[in-house]
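J.: What follows is a single structure, and I will ask about it in a moment.
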Amino acid sequence: MDADPRDARSREALRLAAALNARGLRCKDEARYDEGRALYERALALLEDTAGPHDDAVATLYHNLAGIAHARGDYAAAEPLARRGLDIRRRADDHRPGDVAADEIALAAILDGLGRYDESERLYLGALRVFERARRRHAPEIAVALNNLGALHARRGDLDRAADLLDRAVALKRRTLGPDHPDVAVTLNNLALVSKRRGDQARAAVLYAEAVAIFEHALGPDHPKTLTARDNASRCAKPRAES
Amino acid sequence: MQNRNEKEVVRLDLTREQQEQVKRATGRDSVALELTVTELEERIAPMSVDGRLASNHNETMLVDR
């Protein structure tokens, strides 16, 4: 007797969907968004047909499709996808709080992009409470939430609070991902902007330089994140030469 | 039929999410997996380490406008 309730066709579909999803994640990392979306959509069609529309893996694919739209800055398109994934996850019989919290953080980032800061902040704080119960296992998610919450406070103009959260995020990322990981550079970029707005141009320039160097090495000179960090850096006043 | 030498090593570069999964599961940093063809055939199962699909993170990156 087979212990797995899925029949052979469903298991094969899940295996193929997982391979397509893995390729989609790589495409997103490399900013090949159309290709990534097409891979996720193929996986989604496969699973909705075999596993049904309420499967945990279907929720993840909606989460990832929303991620593509978020990366493009198309927050209006991202929101319904993220909400659909979250709704499926919450209804799933075997859902895990950590997975729901990860969906909530992803949705919060989209709402932040739409300027709905209060709603976004509530989701970040709720997800952080869940992750703090298993801090070590969820360190990457905690770091993302701290980064995003810091960026949210920067947009609101609460620069001291933003700097504190971003400092914590970058320390956690360096510890868990290593100092040269591009996710570290995302937070360094944010910290640089906050430093600039607080009037510390010298620190901003140093942080931007580090972020650009990491992005160029990890993602290449033409990746959108490299270009954004470089453009941000160019708006930072150059330190005056000693006379 | 086997097209590749069983001892040939295949290098699998990990996405950032996969690197994080490996880190969480083993505590070790890794940017790639290297397996022989035989090992690869034994381990083909394109799922996350806990049997679920891997998901991405939506990180906010501020833009100075």
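Quick note on naming: the chains in the structure tokens go A, B, ... in the order shown, residues restart at 1 in each chain, and ligands are numbered from 1 in order of appearance.
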How close does each residue of chain A get to chain B, giving the shortest atom pair and distance in Å to one decimal for every residue with an atom at most 7 Å away, counting only C-alpha atoms, sorted by chain and residue number, as CSV?
T.:
```
residue,atom,partner,partner_atom,distance
A:Arg15,CA,B:Pro46,CA,6.1
A:Ala18,CA,B:Pro46,CA,5.5
A:Ala19,CA,B:Pro46,CA,5.2
A:Leu25,CA,B:Asn56,CA,6.8
A:Arg26,CA,B:Thr15,CA,5.7
A:Ala57,CA,B:Leu53,CA,5.9
A:Thr60,CA,B:Ser55,CA,6.0
A:His63,CA,B:Ser55,CA,6.9
A:Asn64,CA,B:Asn56,CA,5.9
A:Gly67,CA,B:Asn58,CA,5.9
A:His70,CA,B:Asn58,CA,6.8
A:Ala106,CA,B:Asn58,CA,5.2
A:Ala109,CA,B:Asn58,CA,6.2
A:Arg137,CA,B:Arg24,CA,6.1
A:Val144,CA,B:Glu59,CA,6.2
A:Asn148,CA,B:Thr60,CA,5.3
A:Ala151,CA,B:Thr60,CA,6.6
A:Val186,CA,B:Met61,CA,5.8
A:Asn190,CA,B:Leu62,CA,5.5
A:Leu193,CA,B:Asp64,CA,6.9
A:Thr228,CA,B:Val63,CA,6.8
A:Asn232,CA,B:Asp64,CA,5.4
```
J.: Compile the contact shell of region 91-104 of chain A as a PyMOL selection string: residues with an atom at most 6 Å away, counting only C-alpha atoms, same-chain residues fewer than 3 positions apart removed.
T.: chain A and resi 86+88+107-108+123+127
J.: Deliver the residues from the most recent selection as a file, using C-alpha atoms, as a CSV table (one decimal), in the first residue's frame.
T.:
```csv
chain,number,residue,atom,x,y,z
A,86,LEU,CA,-2.5,33.5,1.2
A,88,ILE,CA,-5.4,29.0,-0.3
A,107,LEU,CA,1.9,40.6,0.7
A,108,ALA,CA,3.0,43.3,3.1
A,123,LEU,CA,1.2,42.2,8.6
A,127,ALA,CA,4.6,37.7,10.9
```
J.: So how many Å separate CA of Arg168 (chain A) and CA of Leu149 (chain A), to one decimal?
T.: 11.1 Å
